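Asker: See structure_39.json below, with JSON, C-alpha atoms.
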[["chain", "number", "residue", "atom", "x", "y", "z"],
["G", 216, "MET", "CA", -48.57, -147.45, 127.60],
["G", 217, "LYS", "CA", -47.37, -144.17, 128.99],
["G", 218, "ARG", "CA", -45.80, -143.42, 125.68],
["G", 219, "ARG", "CA", -49.11, -143.91, 123.89],
["G", 220, "TYR", "CA", -50.89, -141.41, 126.24],
["G", 221, "ILE", "CA", -48.16, -138.84, 125.65],
["G", 222, "ILE", "CA", -48.39, -139.25, 121.87],
["G", 223, "LEU", "CA", -52.20, -139.07, 121.93],
["G", 224, "SER", "CA", -52.06, -135.98, 124.16],
["G", 225, "LEU", "CA", -49.64, -134.26, 121.82],
["G", 226, "LEU", "CA", -51.74, -135.20, 118.77],
["G", 227, "SER", "CA", -54.89, -133.81, 120.42],
["G", 228, "VAL", "CA", -53.09, -130.53, 121.23],
["G", 229, "VAL", "CA", -51.86, -130.31, 117.61],
["G", 230, "LEU", "CA", -55.39, -131.06, 116.37],
["G", 231, "VAL", "CA", -56.93, -128.30, 118.54],
["G", 232, "LEU", "CA", -54.27, -125.79, 117.44],
["G", 233, "GLY", "CA", -54.75, -126.81, 113.81],
["G", 234, "LEU", "CA", -58.47, -126.16, 114.02],
["G", 235, "SER", "CA", -57.99, -122.63, 115.37],
["G", 236, "VAL", "CA", -55.46, -121.67, 112.67],
["G", 237, "GLY", "CA", -58.25, -121.25, 110.13],
["G", 238, "HIS", "CA", -59.96, -118.60, 112.25],
["G", 239, "ALA", "CA", -56.72, -116.75, 112.90],
["G", 240, "TRP", "CA", -55.83, -116.84, 109.23],
["G", 241, "SER", "CA", -59.23, -115.42, 108.23],
["G", 242, "TYR", "CA", -58.83, -112.65, 110.81],
["G", 243, "PHE", "CA", -55.54, -111.51, 109.30],
["G", 244, "THR", "CA", -56.71, -111.72, 105.68],
["G", 245, "ASP", "CA", -60.09, -110.02, 106.02],
["G", 246, "ASN", "CA", -60.51, -106.67, 104.20],
["G", 247, "THR", "CA", -63.19, -104.22, 103.25],
["G", 248, "MET", "CA", -63.49, -101.23, 100.88],
["G", 249, "ALA", "CA", -64.82, -97.81, 101.84],
["G", 250, "GLU", "CA", -66.58, -95.56, 99.36],
["G", 251, "GLY", "CA", -66.86, -91.77, 99.17],
["G", 252, "SER", "CA", -64.51, -89.12, 100.48],
["G", 253, "VAL", "CA", -64.30, -86.50, 103.17],
["G", 254, "PRO", "CA", -62.11, -83.42, 102.70],
["G", 255, "ILE", "CA", -59.46, -83.25, 105.40],
["G", 256, "SER", "CA", -58.80, -79.54, 105.08],
["G", 257, "VAL", "CA", -60.45, -76.85, 103.05],
["G", 258, "LYS", "CA", -58.59, -73.69, 102.14],
["G", 259, "PRO", "CA", -60.34, -70.35, 102.40],
["G", 260, "ASP", "CA", -61.43, -68.76, 99.13],
["G", 261, "THR", "CA", -61.81, -64.99, 99.34],
["G", 262, "THR", "CA", -61.84, -62.07, 96.92],
["G", 263, "ILE", "CA", -61.36, -58.36, 97.37],
["G", 264, "THR", "CA", -63.33, -55.65, 95.59],
["G", 265, "GLU", "CA", -62.01, -52.08, 95.52],
["G", 266, "GLU", "CA", -63.91, -49.07, 94.23],
["G", 267, "TYR", "CA", -62.48, -45.57, 94.04],
["G", 268, "ASP", "CA", -64.59, -42.41, 94.20],
["G", 269, "PRO", "CA", -62.52, -39.56, 92.69],
["G", 270, "LYS", "CA", -64.87, -36.88, 94.03],
["G", 271, "THR", "CA", -64.36, -37.79, 97.68],
["G", 272, "HIS", "CA", -60.91, -39.39, 97.24],
["G", 273, "THR", "CA", -62.16, -42.53, 98.96],
["G", 274, "LYS", "CA", -61.36, -46.13, 98.20],
["G", 275, "SER", "CA", -64.02, -48.59, 99.36],
["G", 276, "VAL", "CA", -62.79, -52.11, 100.12],
["G", 277, "VAL", "CA", -65.07, -55.15, 100.48],
["G", 278, "ILE", "CA", -63.81, -58.71, 101.10],
["G", 279, "THR", "CA", -66.05, -61.65, 100.20],
["G", 280, "ASN", "CA", -65.79, -65.20, 101.57],
["G", 281, "ASN", "CA", -66.50, -67.34, 98.48],
["G", 282, "SER", "CA", -66.25, -70.63, 100.36],
["G", 283, "SER", "CA", -69.41, -72.63, 100.95],
["G", 284, "VAL", "CA", -68.14, -74.24, 104.18],
["G", 285, "VAL", "CA", -65.19, -72.36, 105.70],
["G", 286, "PRO", "CA", -65.78, -69.30, 107.93],
["G", 287, "VAL", "CA", -62.74, -66.98, 107.97],
["G", 288, "TRP", "CA", -61.16, -64.22, 110.01],
["G", 289, "VAL", "CA", -60.31, -61.21, 107.84],
["G", 290, "ARG", "CA", -57.98, -58.25, 108.21],
["G", 291, "ALA", "CA", -56.85, -55.53, 105.81],
["G", 292, "ARG", "CA", -54.20, -52.86, 105.70],
["G", 293, "ALA", "CA", -54.06, -49.64, 103.67],
["G", 294, "TYR", "CA", -50.74, -48.22, 102.56],
["G", 295, "VAL", "CA", -51.27, -44.52, 101.96],
["G", 296, "PRO", "CA", -48.31, -42.21, 101.28],
["G", 297, "LYS", "CA", -47.64, -39.94, 104.30],
["G", 298, "GLN", "CA", -48.12, -36.71, 102.32],
["G", 299, "LEU", "CA", -51.72, -37.72, 101.53],
["G", 300, "ASP", "CA", -52.83, -37.80, 105.19],
["G", 301, "GLY", "CA", -54.79, -41.07, 104.93],
["G", 302, "GLN", "CA", -57.66, -42.13, 107.17],
["G", 303, "ALA", "CA", -59.75, -45.27, 107.24],
["G", 304, "SER", "CA", -62.92, -46.40, 108.97],
["G", 305, "GLY", "CA", -65.76, -48.79, 108.53],
["G", 306, "ASN", "CA", -68.66, -50.41, 110.30],
["G", 307, "LYS", "CA", -67.43, -53.54, 112.14],
["G", 308, "TRP", "CA", -63.77, -52.76, 111.33],
["G", 309, "THR", "CA", -61.36, -52.07, 114.20],
["G", 310, "GLY", "CA", -57.79, -50.80, 113.92],
["G", 311, "ASN", "CA", -55.91, -47.75, 112.72],
["G", 312, "ILE", "CA", -54.41, -46.47, 109.49],
["G", 313, "GLU", "CA", -50.84, -47.27, 110.56],
["G", 314, "ASP", "CA", -51.65, -50.90, 111.31],
["G", 315, "TRP", "CA", -54.13, -53.61, 110.40],
["G", 316, "PHE", "CA", -57.92, -53.30, 110.46],
["G", 317, "GLU", "CA", -59.68, -56.46, 111.63],
["G", 318, "TYR", "CA", -63.23, -57.29, 110.65],
["G", 319, "ASN", "CA", -65.32, -58.31, 113.63],
["G", 320, "VAL", "CA", -68.89, -59.52, 113.52],
["G", 321, "GLY", "CA", -69.62, -59.73, 117.24],
["G", 322, "GLY", "CA", -66.76, -62.15, 117.90],
["G", 323, "GLU", "CA", -67.75, -64.38, 114.99],
["G", 324, "PRO", "CA", -65.70, -64.99, 111.82],
["G", 325, "LEU", "CA", -66.95, -63.98, 108.37],
["G", 326, "ALA", "CA", -69.50, -66.64, 107.40],
["G", 327, "PRO", "CA", -69.29, -68.63, 104.14],
["G", 328, "GLY", "CA", -70.79, -66.63, 101.27],
["G", 329, "ALA", "CA", -70.82, -63.38, 103.28],
["G", 330, "SER", "CA", -69.10, -60.07, 102.55],
["G", 331, "THR", "CA", -67.59, -57.51, 104.89],
["G", 332, "GLU", "CA", -69.00, -54.06, 105.37],
["G", 333, "PRO", "CA", -66.95, -51.57, 103.29],
["G", 334, "LEU", "CA", -63.67, -50.32, 104.74],
["G", 335, "LYS", "CA", -63.44, -46.71, 103.57],
["G", 336, "VAL", "CA", -59.89, -45.45, 102.98],
["G", 337, "SER", "CA", -59.80, -41.73, 102.30],
["G", 338, "PHE", "CA", -57.02, -39.22, 101.77],
["G", 339, "THR", "CA", -56.42, -35.54, 101.14],
["G", 340, "LEU", "CA", -54.88, -34.49, 97.87],
["G", 341, "PRO", "CA", -51.96, -32.04, 97.97],
["G", 342, "ALA", "CA", -52.69, -28.67, 96.32],
["G", 343, "LYS", "CA", -50.73, -29.51, 93.17],
["G", 344, "TYR", "CA", -53.16, -32.38, 92.42],
["G", 345, "ASP", "CA", -56.35, -30.49, 93.30],
["G", 346, "PRO", "CA", -58.01, -29.14, 90.13],
["G", 347, "ALA", "CA", -59.41, -26.15, 92.05],
["G", 348, "ASN", "CA", -55.91, -24.97, 93.01],
["G", 349, "ASN", "CA", -54.01, -26.25, 90.00],
["G", 350, "PRO", "CA", -56.07, -26.42, 86.80],
["G", 351, "THR", "CA", -53.32, -28.35, 85.01],
["G", 352, "GLY", "CA", -53.53, -31.15, 87.59],
["G", 353, "ALA", "CA", -50.70, -33.59, 88.18],
["G", 354, "GLN", "CA", -47.52, -33.45, 86.21],
["G", 355, "ASN", "CA", -46.80, -36.16, 83.65],
["G", 356, "GLY", "CA", -45.62, -39.30, 85.38],
["G", 357, "ASP", "CA", -47.07, -38.40, 88.78],
["G", 358, "GLU", "CA", -49.02, -41.23, 90.37],
["G", 359, "ILE", "CA", -50.98, -41.68, 93.53],
["G", 360, "ASN", "CA", -51.01, -45.28, 94.60],
["G", 361, "ILE", "CA", -53.08, -46.50, 97.54],
["G", 362, "VAL", "CA", -52.28, -50.17, 98.15],
["G", 363, "ILE", "CA", -54.68, -52.45, 100.03],
["G", 364, "VAL", "CA", -53.42, -55.76, 101.39],
["G", 365, "TYR", "CA", -55.65, -58.29, 103.10],
["G", 366, "GLU", "CA", -55.28, -61.63, 104.83],
["G", 367, "CYS", "CA", -57.69, -64.33, 105.88],
["G", 368, "LEU", "CA", -57.44, -67.33, 108.19],
["G", 369, "PRO", "CA", -59.83, -70.25, 108.43],
["G", 370, "ALA", "CA", -61.70, -70.12, 111.71],
["G", 371, "SER", "CA", -61.12, -72.79, 114.33],
["G", 372, "TYR", "CA", -63.34, -73.66, 117.26],
["G", 373, "ASP", "CA", -62.77, -74.78, 120.85],
["G", 374, "ALA", "CA", -64.34, -77.82, 122.54],
["G", 375, "ASP", "CA", -67.51, -75.83, 123.33],
["G", 376, "GLY", "CA", -67.99, -74.84, 119.67],
["G", 377, "LYS", "CA", -67.01, -71.22, 120.22],
["G", 378, "PRO", "CA", -64.69, -69.59, 117.66],
["G", 379, "VAL", "CA", -61.06, -69.19, 118.72],
["G", 380, "PRO", "CA", -59.79, -65.64, 117.96],
["G", 381, "ALA", "CA", -57.41, -65.40, 115.03],
["G", 382, "ASN", "CA", -53.73, -65.74, 115.80],
["G", 383, "TRP", "CA", -52.16, -63.65, 113.05],
["G", 384, "ASN", "CA", -48.61, -64.40, 114.23],
["G", 385, "GLU", "CA", -48.65, -68.08, 113.25]]
Let me see whether you can do it: turn the structure in this file into structure tokens.
Answerer:
Amino acid sequence: MKRRYIILSLLSVVLVLGLSVGHAWSYFTDNTMAEGSVPISVKPDTTITEEYDPKTHTKSVVITNNSSVVPVWVRARAYVPKQLDGQASGNKWTGNIEDWFEYNVGGEPLAPGASTEPLKVSFTLPAKYDPANNPTGAQNGDEINIVIVYECLPASYDADGKPVPANWNE
């Protein structure tokens, strides 16, 4: 008799476990499909526009953020030969001619679709290039090359939603 109770007890335990296997199996085999996509990272898209005014010997530099979603920090540098005595300035630009100029809009990055104020890079021509002093102008093969380099970084924000200043050393 005892044997019968043990066998019935074991069969009831097996029956209860067997009934719950179906639920466990459906839990492990369930799936679903998601639709659509979300970009994980968006790279900045910027362009530079340079215009040279030969009368004032000034190069005007404007950087445009072409992105529709990514605000960016922008900086530019002008490489002017020493003998040309270069200077640079611009509204909302901070820096000096021997280093980088950073564009600052009240602590905010350059907004998507916006352009910087012009950075004006000017220089003084040596006498041999000045038509008033030397009517023949530059000698064949002489070139004056003012190089503008710029960088941009996507803006990041802290927990309060305030922009984190650009870390150009990363």
Asker: Could you give me, as number ranges by chain, the residues within 8 Å of Asn306 of chain G, counting only C-alpha atoms and dropping anything in the same chain fewer than 3 positions from it?
Answerer: G: 332-334
Asker: Give the answer as one residue: which of G:Ser371, G:Thr271, G:Thr264, G:Thr309 has the shortest atom-to-atom distance to Leu340 of chain G, using all atoms listed in the file?
Answerer: G:Thr271
Asker: Tell me which protein, DNA and RNA residues are within 10 Å of segment 290-304 of chain G, counting only C-alpha atoms, leaving out same-chain ones fewer than 3 positions away, and put them as an MDAnalysis selection string.
Answerer: chainID G and resid 263 272:278 287 307:319 333:341 359:368 381 383
Asker: In Å to one decimal, how far is atom CA of Val289 of chain G from atom CA of Thr331 of chain G?
Answerer: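 Those two atoms sit 8.7 Å apart.
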Asker: Could you tell me how far atom CA of Val229 of chain G lies from atom CA of Lys217 of chain G, in Å and to one decimal?
Answerer: 18.5 Å
Asker: Which residues are close to Asp260 of chain G, i.e. within 12 Å by only C-alpha atoms, leaving aside same-chain residues fewer than 4 positions away? Reply as a PyMOL selection string.
Answerer: chain G and resi 278-289+325-329+366-369
Asker: What is the distance, in Å and to one decimal place, between atom CA of Lys377 of chain G and atom CA of Pro324 of chain G?
Answerer: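 We find that atom CA of Lys377 of chain G and atom CA of Pro324 of chain G lie 10.5 Å from each other.
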Asker: Which is closer to Thr261 of chain G than all the others in G:Leu225, G:Ser330, G:Met248, G:Leu230, using all atoms listed in the file?
Answerer: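 With all atoms listed in the file as the atom set, the closest residue is G:Ser330.
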